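**Student:** What follows is coords14.txt, made up of compact mmCIF, C-alpha atoms:
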# COMPACT_ATOMS: atom_id res chain seq x y z
CA MET A 1 211.22 -135.51 166.24
CA LYS A 2 210.32 -138.22 163.76
CA LEU A 3 211.84 -136.55 160.72
CA LEU A 4 215.17 -136.20 162.45
CA SER A 5 215.22 -139.86 163.37
CA GLU A 6 214.61 -140.69 159.70
CA VAL A 7 217.84 -138.90 158.94
CA THR A 8 219.94 -140.23 161.80
CA LYS A 9 218.92 -143.88 161.45
CA GLY A 10 220.94 -144.11 158.23
CA ILE A 11 224.11 -143.02 159.96
CA ILE A 12 224.57 -145.77 162.57
CA LYS A 13 221.56 -148.01 163.22
CA GLU A 14 220.85 -148.76 159.55
CA ASN A 15 224.22 -147.78 158.11
CA PRO A 16 224.03 -148.80 154.43
CA ILE A 17 227.54 -150.25 154.28
CA PHE A 18 228.30 -151.77 157.67
CA VAL A 19 224.77 -152.90 158.63
CA ILE A 20 222.66 -153.31 155.47
CA VAL A 21 225.77 -154.15 153.37
CA LEU A 22 224.52 -152.41 150.24
CA GLY A 23 226.58 -150.71 147.56
CA MET A 24 229.72 -152.76 148.02
CA CYS A 25 230.93 -152.23 144.44
CA PRO A 26 231.48 -148.45 144.66
CA THR A 27 232.72 -148.87 148.22
CA LEU A 28 235.52 -151.15 147.10
CA ALA A 29 236.31 -149.03 144.07
CA VAL A 30 236.46 -145.50 145.45
CA SER A 31 237.60 -145.95 149.06
CA THR A 32 241.26 -145.83 148.01
CA SER A 33 241.58 -142.19 149.04
CA VAL A 34 239.59 -139.79 151.18
CA ASP A 35 238.94 -137.24 148.43
CA ASN A 36 237.48 -139.97 146.21
CA ALA A 37 235.29 -141.11 149.09
CA LEU A 38 233.98 -137.59 149.68
CA GLY A 39 233.27 -137.12 145.95
CA MET A 40 231.40 -140.39 145.64
CA GLY A 41 229.52 -139.73 148.88
CA ALA A 42 228.39 -136.27 147.78
CA ALA A 43 227.26 -137.44 144.35
CA ALA A 44 225.43 -140.47 145.77
CA THR A 45 223.71 -138.42 148.49
CA PHE A 46 222.39 -135.96 145.94
CA VAL A 47 221.05 -138.67 143.64
CA LEU A 48 219.62 -140.60 146.59
CA ILE A 49 217.59 -137.65 147.85
CA CYS A 50 216.23 -136.84 144.39
CA SER A 51 215.47 -140.41 143.34
CA ASN A 52 213.72 -141.10 146.65
CA MET A 53 211.64 -138.00 146.02
CA ILE A 54 210.64 -139.05 142.49
CA ILE A 55 209.92 -142.68 143.46
CA SER A 56 207.78 -141.51 146.36
CA LEU A 57 205.87 -139.17 144.03
CA ILE A 58 205.05 -141.86 141.47
CA LYS A 59 204.42 -144.68 143.95
CA GLY A 60 200.64 -144.39 143.45
CA ILE A 61 200.70 -145.03 139.70
CA VAL A 62 203.27 -147.83 139.61
CA PRO A 63 201.82 -151.38 139.51
CA SER A 64 203.68 -153.39 142.12
CA SER A 65 204.53 -156.30 139.80
CA ILE A 66 206.67 -154.14 137.50
CA ARG A 67 207.98 -151.65 140.06
CA ILE A 68 211.65 -152.73 139.86
CA PRO A 69 212.10 -152.08 136.10
CA ILE A 70 210.33 -148.76 136.51
CA TYR A 71 212.59 -147.75 139.40
CA ILE A 72 215.64 -148.67 137.34
CA VAL A 73 214.44 -146.60 134.38
CA VAL A 74 213.72 -143.61 136.64
CA ILE A 75 217.07 -143.83 138.43
CA ALA A 76 219.12 -144.37 135.26
CA ALA A 77 217.37 -141.51 133.48
CA PHE A 78 217.85 -139.22 136.45
CA VAL A 79 221.55 -140.06 136.81
CA SER A 80 222.10 -139.45 133.09
CA ILE A 81 220.41 -136.07 133.34
CA VAL A 82 222.60 -135.11 136.30
CA ASP A 83 225.70 -136.30 134.42
CA MET A 84 224.93 -134.40 131.22
CA SER A 85 223.82 -131.15 132.87
CA MET A 86 226.84 -131.18 135.15
CA ALA A 87 229.19 -131.70 132.19
CA ALA A 88 227.58 -128.82 130.32
CA PHE A 89 226.96 -126.25 133.06
CA LEU A 90 229.36 -127.10 135.89
CA PRO A 91 232.43 -128.48 134.08
CA ASP A 92 234.76 -128.03 137.06
CA LEU A 93 232.51 -129.94 139.44
CA HIS A 94 232.00 -132.57 136.76
CA LYS A 95 235.75 -133.02 136.45
CA ALA A 96 235.96 -133.82 140.16
CA LEU A 97 232.83 -135.97 140.45
CA GLY A 98 232.26 -137.12 136.86
CA LEU A 99 234.05 -140.40 137.40
CA PHE A 100 231.60 -141.43 140.13
CA ILE A 101 228.33 -140.57 138.40
CA PRO A 102 228.14 -143.68 136.14
CA LEU A 103 228.99 -145.75 139.22
CA ILE A 104 225.87 -144.44 140.96
CA VAL A 105 223.56 -146.12 138.43
CA VAL A 106 224.84 -149.50 139.61
CA ASN A 107 224.84 -148.47 143.26
CA CYS A 108 222.24 -150.72 144.84
CA ILE A 109 221.75 -148.35 147.79
CA ILE A 110 219.67 -146.16 145.49
CA LEU A 111 217.47 -149.01 144.26
CA GLY A 112 217.45 -150.57 147.72
CA ARG A 113 216.09 -147.43 149.36
CA ALA A 114 213.57 -146.89 146.54
CA GLU A 115 212.21 -150.39 147.13
CA ALA A 116 212.49 -150.59 150.91
CA TYR A 117 211.50 -147.07 151.86
CA ALA A 118 210.49 -144.51 149.24
CA SER A 119 207.83 -146.74 147.68
CA LYS A 120 206.01 -146.96 151.01
CA ASN A 121 206.48 -143.53 152.58
CA ASN A 122 205.59 -139.93 151.83
CA VAL A 123 207.80 -137.48 149.96
CA ILE A 124 209.25 -135.57 152.91
CA ASN A 125 210.16 -138.69 154.89
CA SER A 126 211.63 -140.29 151.75
CA MET A 127 213.88 -137.31 151.17
CA ALA A 128 214.95 -137.38 154.83
CA ASP A 129 215.71 -141.08 154.45
CA GLY A 130 217.75 -140.35 151.32
CA LEU A 131 219.73 -137.68 153.15
CA GLY A 132 220.42 -139.95 156.13
CA MET A 133 221.43 -142.91 153.99
CA GLY A 134 223.62 -140.66 151.88
CA LEU A 135 225.35 -139.26 154.96
CA GLY A 136 225.80 -142.76 156.40
CA PHE A 137 227.24 -143.93 153.11
CA THR A 138 229.62 -140.96 152.93
CA LEU A 139 230.73 -141.41 156.52
CA SER A 140 231.42 -145.12 156.08
CA LEU A 141 233.31 -144.49 152.85
CA VAL A 142 235.45 -141.87 154.57
CA ILE A 143 236.24 -144.26 157.45
CA VAL A 144 237.26 -147.07 155.09
CA ALA A 145 239.18 -144.65 152.88
CA THR A 146 241.00 -143.11 155.86
CA ILE A 147 242.38 -146.50 156.88
CA ARG A 148 243.27 -147.50 153.34
CA GLU A 149 244.84 -144.18 152.36
CA ILE A 150 246.97 -143.91 155.50
CA LEU A 151 248.19 -147.50 155.24
CA GLY A 152 248.44 -147.64 151.47
CA SER A 153 249.85 -144.21 150.57
CA GLY A 154 250.88 -142.73 153.92
CA THR A 155 248.65 -139.71 153.30
CA TRP A 156 245.26 -138.37 154.37
CA LEU A 157 243.34 -136.16 151.95
CA LYS A 158 246.63 -136.05 149.99
CA MET A 159 248.50 -134.61 153.02
CA GLN A 160 251.49 -136.57 154.27
CA VAL A 161 250.70 -137.99 157.72
CA MET A 162 253.15 -140.86 158.03
CA PRO A 163 256.89 -140.24 158.47
CA SER A 164 258.69 -140.21 155.15
CA SER A 165 260.52 -143.42 156.08
CA TYR A 166 257.16 -145.22 156.05
CA GLU A 167 256.98 -147.81 153.28
CA PRO A 168 253.37 -147.74 151.91
CA MET A 169 251.48 -151.00 152.30
CA LEU A 170 250.39 -151.43 148.69
CA VAL A 171 247.82 -154.15 149.46
CA ALA A 172 245.70 -151.60 151.33
CA ILE A 173 244.83 -149.64 148.17
CA LEU A 174 244.31 -152.77 146.07
CA ALA A 175 240.89 -154.52 146.10
CA PRO A 176 241.87 -157.18 148.70
CA GLY A 177 242.77 -154.36 151.10
CA ALA A 178 239.21 -153.05 150.80
CA PHE A 179 237.75 -156.44 151.73
CA ILE A 180 240.09 -156.85 154.68
CA THR A 181 239.36 -153.33 155.98
CA LEU A 182 235.61 -153.80 155.57
CA GLY A 183 235.75 -157.15 157.34
CA PHE A 184 237.51 -155.70 160.36
CA LEU A 185 235.17 -152.71 160.53
CA MET A 186 232.05 -154.88 160.33
CA ALA A 187 233.41 -157.16 163.04
CA LEU A 188 234.02 -154.09 165.18
CA MET A 189 230.46 -152.85 164.60
CA ASN A 190 229.00 -156.25 165.53
CA MET A 191 231.18 -156.46 168.64
CA MET A 192 229.94 -153.08 169.84
CA LYS A 193 226.35 -154.13 169.18
CA GLU A 194 226.69 -157.35 171.17
CA LYS A 195 228.11 -155.54 174.16
CA LYS A 196 224.99 -153.39 174.48
CA MET B 1 196.09 -161.57 129.08
CA MET B 2 194.79 -158.01 129.28
CA TYR B 3 196.67 -157.65 132.54
CA TYR B 4 200.05 -158.26 130.91
CA ILE B 5 199.31 -155.93 128.03
CA LYS B 6 198.41 -153.25 130.54
CA LEU B 7 201.69 -153.80 132.45
CA GLY B 8 203.68 -153.67 129.22
CA GLY B 9 201.84 -150.53 128.22
CA ILE B 10 202.64 -148.75 131.50
CA LEU B 11 206.29 -149.72 131.24
CA LEU B 12 206.34 -148.52 127.63
CA ILE B 13 204.83 -145.16 128.54
CA ILE B 14 207.34 -144.59 131.37
CA CYS B 15 210.26 -145.54 129.11
CA VAL B 16 209.01 -143.23 126.34
CA ILE B 17 208.71 -140.33 128.80
CA ALA B 18 212.19 -141.01 130.21
CA THR B 19 213.68 -141.28 126.70
CA GLY B 20 211.98 -138.08 125.66
CA ILE B 21 213.35 -136.16 128.63
CA LEU B 22 216.84 -137.60 128.07
CA ALA B 23 216.75 -136.74 124.36
CA TYR B 24 215.77 -133.19 125.19
CA VAL B 25 218.48 -132.77 127.86
CA ASN B 26 221.02 -134.29 125.49
CA SER B 27 220.12 -131.91 122.67
CA VAL B 28 220.61 -128.96 125.03
CA THR B 29 223.83 -130.12 126.67
CA GLU B 30 225.67 -131.90 123.85
CA PRO B 31 226.83 -128.83 121.87
CA LYS B 32 228.00 -127.23 125.13
CA ILE B 33 229.95 -130.32 126.16
CA ILE B 34 231.63 -130.55 122.73
CA ALA B 35 232.54 -126.86 122.82
CA LEU B 36 233.95 -127.22 126.34
CA LYS B 37 236.04 -130.24 125.31
CA ALA B 38 237.41 -128.39 122.27
CA ALA B 39 238.25 -125.35 124.42
CA GLU B 40 240.00 -127.62 126.86
CA ALA B 41 242.08 -129.24 124.11
CA VAL B 42 243.18 -125.77 122.97
CA LYS B 43 244.06 -124.89 126.56
CA SER B 44 246.07 -128.09 127.05
CA ARG B 45 248.00 -127.43 123.85
CA GLU B 46 248.78 -123.91 124.98
CA ALA B 47 249.95 -125.17 128.36
CA LEU B 48 252.33 -127.65 126.72
CA ILE B 49 253.86 -125.16 124.27
CA PRO B 50 253.10 -121.61 125.50
CA GLY B 51 252.98 -118.61 123.20
CA ALA B 52 252.43 -120.51 120.00
CA ASP B 53 250.05 -120.65 117.07
CA PHE B 54 248.97 -124.14 116.13
CA GLU B 55 248.41 -125.60 112.71
CA GLU B 56 246.75 -128.96 112.33
CA VAL B 57 248.20 -131.64 110.06
CA LYS B 58 246.06 -134.68 109.40
CA VAL B 59 248.07 -137.85 108.91
CA SER B 60 245.27 -140.39 108.80
CA ASP B 61 241.66 -140.60 109.95
CA ASP B 62 242.65 -141.33 113.52
CA PHE B 63 245.87 -139.37 113.93
CA SER B 64 246.62 -135.72 113.43
CA TYR B 65 249.20 -133.48 115.02
CA PHE B 66 249.69 -129.78 115.46
CA ILE B 67 252.73 -127.78 114.40
CA ALA B 68 253.50 -124.99 116.85
CA TYR B 69 254.91 -121.71 115.54
CA LYS B 70 255.94 -118.78 117.65
CA LYS B 71 253.08 -116.29 117.69
CA GLY B 72 253.25 -113.96 114.71
CA SER B 73 256.34 -115.50 113.16
CA LYS B 74 257.24 -118.70 111.39
CA GLU B 75 259.75 -119.88 113.93
CA LEU B 76 259.16 -123.56 114.62
CA LEU B 77 258.61 -124.23 118.33
CA GLY B 78 257.60 -127.88 118.18
CA TYR B 79 254.74 -130.27 117.79
CA THR B 80 251.81 -131.48 119.87
CA PHE B 81 249.64 -134.53 119.43
CA THR B 82 247.36 -136.82 121.37
CA ALA B 83 248.29 -140.47 121.78
CA GLY B 84 245.98 -143.14 123.10
CA LYS B 85 246.26 -146.76 124.12
CA THR B 86 244.18 -149.06 126.27
CA GLY B 87 245.51 -149.28 129.81
CA TYR B 88 244.12 -151.40 132.60
CA SER B 89 240.46 -150.44 132.47
CA SER B 90 240.14 -147.61 129.97
CA LYS B 91 241.68 -145.87 127.01
CA VAL B 92 244.39 -143.55 128.32
CA LEU B 93 244.72 -140.38 126.21
CA THR B 94 247.92 -138.43 126.61
CA MET B 95 248.70 -135.09 125.01
CA ALA B 96 252.38 -134.48 124.42
CA GLY B 97 254.39 -131.43 123.41
CA LEU B 98 257.65 -132.00 121.52
CA ASP B 99 260.43 -129.59 120.62
CA PRO B 100 261.71 -129.42 116.99
CA GLN B 101 264.27 -132.14 117.82
CA PHE B 102 261.39 -134.42 118.93
CA ASN B 103 262.38 -134.35 122.61
CA ILE B 104 259.42 -134.26 124.93
CA ILE B 105 258.74 -130.82 126.44
CA ASN B 106 255.93 -132.09 128.66
CA ILE B 107 253.01 -134.46 128.66
CA LYS B 108 249.50 -134.34 130.07
CA VAL B 109 247.09 -137.23 130.54
CA ILE B 110 243.82 -135.73 129.34
CA ASP B 111 241.42 -138.65 129.59
CA GLN B 112 241.45 -141.89 131.55
CA ALA B 113 239.26 -143.99 133.83
CA GLU B 114 241.94 -146.13 135.49
CA THR B 115 241.72 -147.46 139.04
CA PRO B 116 241.44 -144.56 141.52
CA GLY B 117 244.46 -144.56 143.81
CA LEU B 118 246.58 -146.61 141.42
CA GLY B 119 246.48 -146.03 137.66
CA ALA B 120 244.52 -142.81 138.05
CA ASN B 121 247.62 -141.29 139.67
CA CYS B 122 249.01 -140.91 136.13
CA THR B 123 247.44 -137.43 136.00
CA ALA B 124 249.70 -136.20 138.85
CA PRO B 125 252.53 -133.84 137.85
CA SER B 126 254.97 -135.94 139.90
CA PHE B 127 254.39 -138.70 137.36
CA SER B 128 254.27 -136.70 134.13
CA ASP B 129 257.35 -134.62 135.04
CA GLN B 130 259.64 -137.59 134.47
CA PHE B 131 258.78 -137.50 130.74
CA LYS B 132 260.33 -134.03 130.33
CA GLY B 133 263.34 -134.06 128.00
CA LYS B 134 263.01 -137.72 127.12
CA THR B 135 263.37 -139.01 123.56
CA GLN B 136 261.36 -141.51 121.60
CA GLU B 137 263.82 -144.32 122.35
CA GLN B 138 263.43 -143.71 126.09
CA MET B 139 259.68 -144.36 126.07
CA LEU B 140 260.05 -147.65 127.93
CA VAL B 141 258.96 -148.42 131.48
CA ASP B 142 261.49 -149.69 134.01
CA LYS B 143 260.13 -153.24 133.86
CA ASP B 144 260.91 -153.26 130.11
CA GLY B 145 264.41 -151.89 130.69
CA GLY B 146 263.63 -148.20 130.09
CA PRO B 147 263.96 -145.07 132.25
CA ILE B 148 260.23 -144.43 132.86
CA LYS B 149 259.39 -145.21 136.48
CA SER B 150 256.13 -147.14 136.76
CA LEU B 151 253.34 -145.97 139.05
CA SER B 152 253.25 -148.37 141.97
CA GLY B 153 250.69 -151.06 141.29
CA ALA B 154 249.95 -149.70 137.82
CA THR B 155 252.65 -150.84 135.41
CA ILE B 156 250.00 -151.51 132.76
CA THR B 157 248.81 -147.89 132.82
CA THR B 158 252.37 -146.58 132.69
CA ARG B 159 253.20 -148.92 129.83
CA ALA B 160 250.12 -147.81 127.87
CA ILE B 161 251.24 -144.18 128.14
CA ALA B 162 254.89 -144.84 127.27
CA ASN B 163 254.11 -147.18 124.37
CA SER B 164 251.45 -144.92 122.87
CA LEU B 165 253.89 -141.99 122.97
CA MET B 166 256.65 -144.07 121.39
CA GLU B 167 254.41 -145.18 118.52
CA GLN B 168 252.99 -141.76 117.80
CA ILE B 169 256.36 -139.99 117.92
CA GLN B 170 257.47 -142.51 115.30
CA VAL B 171 254.50 -141.63 113.06
CA LEU B 172 255.11 -137.92 113.64
CA LYS B 173 258.81 -138.14 112.77
CA LYS B 174 258.04 -140.00 109.56
CA ASP B 175 255.43 -137.47 108.50
CA VAL B 176 257.57 -134.44 109.29
CA ASP B 177 260.50 -136.02 107.42
CA SER B 178 258.42 -136.63 104.33
CA HIS B 179 257.30 -133.01 104.42
CA LEU B 180 260.82 -131.67 104.71
CA ARG B 181 261.97 -133.76 101.81
CA GLY B 182 258.98 -133.09 99.57
CA ASN B 183 256.84 -130.00 99.64
CA ASP B 184 258.42 -127.92 102.38
CA THR B 185 256.87 -124.75 101.00
CA GLU B 186 253.43 -125.94 101.92
CA ILE B 187 254.00 -125.87 105.65
CA GLY B 188 253.61 -122.52 107.23
CA ASN B 189 251.67 -120.78 104.51
CA ASP B 190 248.78 -120.22 106.78
CA VAL B 191 249.80 -119.59 110.35
CA THR B 192 246.46 -119.54 112.07
CA LEU B 193 244.59 -122.09 114.11
CA ALA B 194 244.07 -124.04 110.92
CA LYS B 195 240.38 -124.59 110.59
CA ASP B 196 240.88 -125.57 106.97
CA LYS B 197 242.55 -128.87 107.64
CA GLN B 198 245.55 -129.27 105.42
CA GLU B 199 245.51 -132.52 103.56
CA VAL B 200 248.74 -134.43 103.52
CA GLY B 201 249.26 -135.58 99.97
CA GLN B 202 250.83 -138.99 100.37
If you took the structure in this file and wrote it as structure tokens, what would it be?
**Tutor:**
Amino acid sequence: MKLLSEVTKGIIKENPIFVIVLGMCPTLAVSTSVDNALGMGAAATFVLICSNMIISLIKGIVPSSIRIPIYIVVIAAFVSIVDMSMAAFLPDLHKALGLFIPLIVVNCIILGRAEAYASKNNVINSMADGLGMGLGFTLSLVIVATIREILGSGTWLKMQVMPSSYEPMLVAILAPGAFITLGFLMALMNMMKEKK
Amino acid sequence: MMYYIKLGGILLIICVIATGILAYVNSVTEPKIIALKAAEAVKSREALIPGADFEEVKVSDDFSYFIAYKKGSKELLGYTFTAGKTGYSSKVLTMAGLDPQFNIINIKVIDQAETPGLGANCTAPSFSDQFKGKTQEQMLVDKDGGPIKSLSGATITTRAIANSLMEQIQVLKKDVDSHLRGNDTEIGNDVTLAKDKQEVGQ
């Protein structure tokens, strides 16, 4: 089914982090622990689906020469609405995810998908694309975070997994550790691709 | 020429619509957010010094503390205040509860946006527990020769917390002292959650 392939393409074939290399800033910042990665992934997926939907709806009335500023206004306004309503009506959820919401505005996956996909496709497909990209983003974040959290803190999802004698490798949770981990993972992805 | 005016006009209309929607959402959510924050501050105070009535004392425009009395009596239980200092990437706000001898009962980091995985670990109880029972003079991190153990990779965050507490305990001590010496009858006249903020006449 076509719709299903719109969703699954974001997970491996067009993975936003390892293949398209979009949204590096939040990836480096929040992949220090698995719970952060899950929080960021959930918040980004939600915004991605909704912003793809809105961009796809207004694509007919947007002149192509000023589409980028319009997309940015739409995305920023939408993220602010999500942030404020969550703080007012779902304070507990906001406490867990609130930190990541401002980061989403500067997440270029959202703008990238608006430009590359939602502005050219219909609403349903755009939402499917948003869901797939969001899932791919979440999955990649969790993989990076798993490596960094286990090496850097000896835990996974805050549970101790390494023996207590393990001395945490601090560099893994610092920014250089994120670059190193990403580099190895991308190399691995490319190696698997070449073998095919 | 007309073409550019038309583009500008479309952009303007979209921005006006977005601003209008945001203004509306803000007007609905803002009072709720403020009320939730205030309720949370009350809750944090009660967690630090349980079973107490609090009375606010304003020292200056940017610092006020709360005197905690045992519920229904005038027995002094301690003081709470919020101290803030810029850490690595944000202002770190810490609420502290002190006993009448100015020893720390407990602290709670109530607002920060430090690096996740490093400085952001300052909200963990395993970090804040080490402040229990410490005095003002002990508010120094290990790298500065004090007893406060720094978070790994986040000495700056730890230092911001310790230093802000040290400074504010100093201000608090001074203010309480001046009250005891001067108008000690004024404190404790009104043992309710003082909505009428008592002015400190200095």
**Student:** Find the residues around Tyr24 in chain B up to 12 Å (only C-alpha atoms counted), leave out those fewer than 3 positions away in its own chain, and share them as a list in words.
**Tutor:** Ala77, Ser80, Ile81, Met84 and Ser85 of chain A; Ile17, Ala18, Thr19, Gly20, Ile21, Ser27, Val28, Thr29 and Glu30 of chain B
**Student:** Counting only C-alpha atoms, which residue out of B:Phe131, B:Phe102, B:Tyr69, B:Tyr88 sits closest to Glu114 in chain B?
**Tutor:**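 With only C-alpha atoms as the atom set, the closest residue is B:Tyr88.
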**Student:** Nearest residue to chain B out of A:Ser164, A:Ser65, A:Thr27, A:Ser51, using all atoms listed in the file?
**Tutor:** A:Ser65
**Student:** List the neighbours of Glu167 in chain A out to 10 Å using all atoms listed in the file; skip same-chain residues closer than 2 positions along the sequence, and give me the result as an NGL selection string.
**Tutor:** :A and (151-154 or 162-165 or 169-170)
**Student:** Print the selection's residues with C-alpha atoms to a file, as a CSV table (one decimal), keeping the file's coordinate frame.
**Tutor:**
chain,number,residue,atom,x,y,z
A,151,LEU,CA,248.2,-147.5,155.2
A,152,GLY,CA,248.4,-147.6,151.5
A,153,SER,CA,249.8,-144.2,150.6
A,154,GLY,CA,250.9,-142.7,153.9
A,162,MET,CA,253.2,-140.9,158.0
A,163,PRO,CA,256.9,-140.2,158.5
A,164,SER,CA,258.7,-140.2,155.2
A,165,SER,CA,260.5,-143.4,156.1
A,169,MET,CA,251.5,-151.0,152.3
A,170,LEU,CA,250.4,-151.4,148.7
**Student:** Using the file's own x, y and z axes, so that the box edges lie along x, y and z, what centre and edge lengths in Å (one decimal) does a box around every listed atom of range 146-151 of chain A get when 3 Å is added on each side? Give it as AutoDock Vina command-line options.
**Tutor:**
--center_x 244.6 --center_y -145.3 --center_z 154.6 --size_x 13.2 --size_y 10.4 --size_z 10.5
**Student:** Using all atoms listed in the file, find the residues of chain B whose closest atom to chain A is at most 9 Å away, then write them as a PDB file with C-alpha atoms, keeping the file's coordinate frame.
**Tutor:**
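Written out: part_13.pdb:
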ATOM      1  CA  LEU B   7     201.690-153.800 132.450  1.00  0.00           C
ATOM      2  CA  GLY B   8     203.680-153.670 129.220  1.00  0.00           C
ATOM      3  CA  ILE B  10     202.640-148.750 131.500  1.00  0.00           C
ATOM      4  CA  LEU B  11     206.290-149.720 131.240  1.00  0.00           C
ATOM      5  CA  ILE B  14     207.340-144.590 131.370  1.00  0.00           C
ATOM      6  CA  CYS B  15     210.260-145.540 129.110  1.00  0.00           C
ATOM      7  CA  ALA B  18     212.190-141.010 130.210  1.00  0.00           C
ATOM      8  CA  THR B  19     213.680-141.280 126.700  1.00  0.00           C
ATOM      9  CA  ILE B  21     213.350-136.160 128.630  1.00  0.00           C
ATOM     10  CA  LEU B  22     216.840-137.600 128.070  1.00  0.00           C
ATOM     11  CA  VAL B  25     218.480-132.770 127.860  1.00  0.00           C
ATOM     12  CA  ASN B  26     221.020-134.290 125.490  1.00  0.00           C
ATOM     13  CA  VAL B  28     220.610-128.960 125.030  1.00  0.00           C
ATOM     14  CA  THR B  29     223.830-130.120 126.670  1.00  0.00           C
ATOM     15  CA  GLU B  30     225.670-131.900 123.850  1.00  0.00           C
ATOM     16  CA  PRO B  31     226.830-128.830 121.870  1.00  0.00           C
ATOM     17  CA  LYS B  32     228.000-127.230 125.130  1.00  0.00           C
ATOM     18  CA  ILE B  33     229.950-130.320 126.160  1.00  0.00           C
ATOM     19  CA  ILE B  34     231.630-130.550 122.730  1.00  0.00           C
ATOM     20  CA  LEU B  36     233.950-127.220 126.340  1.00  0.00           C
ATOM     21  CA  ALA B 113     239.260-143.990 133.830  1.00  0.00           C
ATOM     22  CA  THR B 115     241.720-147.460 139.040  1.00  0.00           C
ATOM     23  CA  PRO B 116     241.440-144.560 141.520  1.00  0.00           C
ATOM     24  CA  GLY B 117     244.460-144.560 143.810  1.00  0.00           C
ATOM     25  CA  LEU B 118     246.580-146.610 141.420  1.00  0.00           C
ATOM     26  CA  SER B 152     253.250-148.370 141.970  1.00  0.00           C
ATOM     27  CA  GLY B 153     250.690-151.060 141.290  1.00  0.00           C
TER      28      GLY B 153
END
**Student:** Mind giving me the straight-line distance from CA of Ala154 in chain B to CA of Ala175 in chain A in Å, one decimal?
**Tutor:** 13.2 Å
**Student:** Would you mind listing what lies within 6 Å of range 92-100 of chain B as a list in words, with only C-alpha atoms counted and same-chain residues fewer than 2 positions away left out?
**Tutor:**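 The contact residues come out as Leu48, Gly78, Tyr79, Thr80, Phe81, Thr82, Ala83, Gly84, Lys85, Thr86, Phe102, Asn103, Ile104, Ile105, Asn106, Ile107, Lys108, Val109, Ile110, Asp111 and Gln112 of chain B.
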**Student:** Excluding range 115-117 of chain A and its own-chain neighbours fewer than 4 positions away, which residues fall within 12 Å of it when counting all atoms listed in the file? Please give them as JSON, numbers by chain.
**Tutor:** {"A": [6, 10, 20, 48, 49, 51, 52, 53, 55, 56, 59, 62, 64, 66, 67, 68, 69, 70, 71, 72, 75, 108, 109, 110, 111, 121, 122, 123, 124, 125, 126, 127, 128, 129, 130, 133]}
**Student:** Take CA of Ala118 in chain A and CA of Ser5 in chain A and report the distance between them in Å, one decimal.
**Tutor:** 15.6 Å
**Student:** To one decimal place, how far is CA of Lys149 in chain B from CA of Ala178 in chain A in Å?
**Tutor:**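 Rounded to one decimal, the two atoms are 26.0 Å apart.
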**Student:** Of the candidates B:Ala124, B:Ala41, B:Val59, B:Ile161, which one gets nearest to Val141 in chain B if we count only C-alpha atoms?
**Tutor:**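 Result for the nearest residue to Val141 in chain B: B:Ile161.
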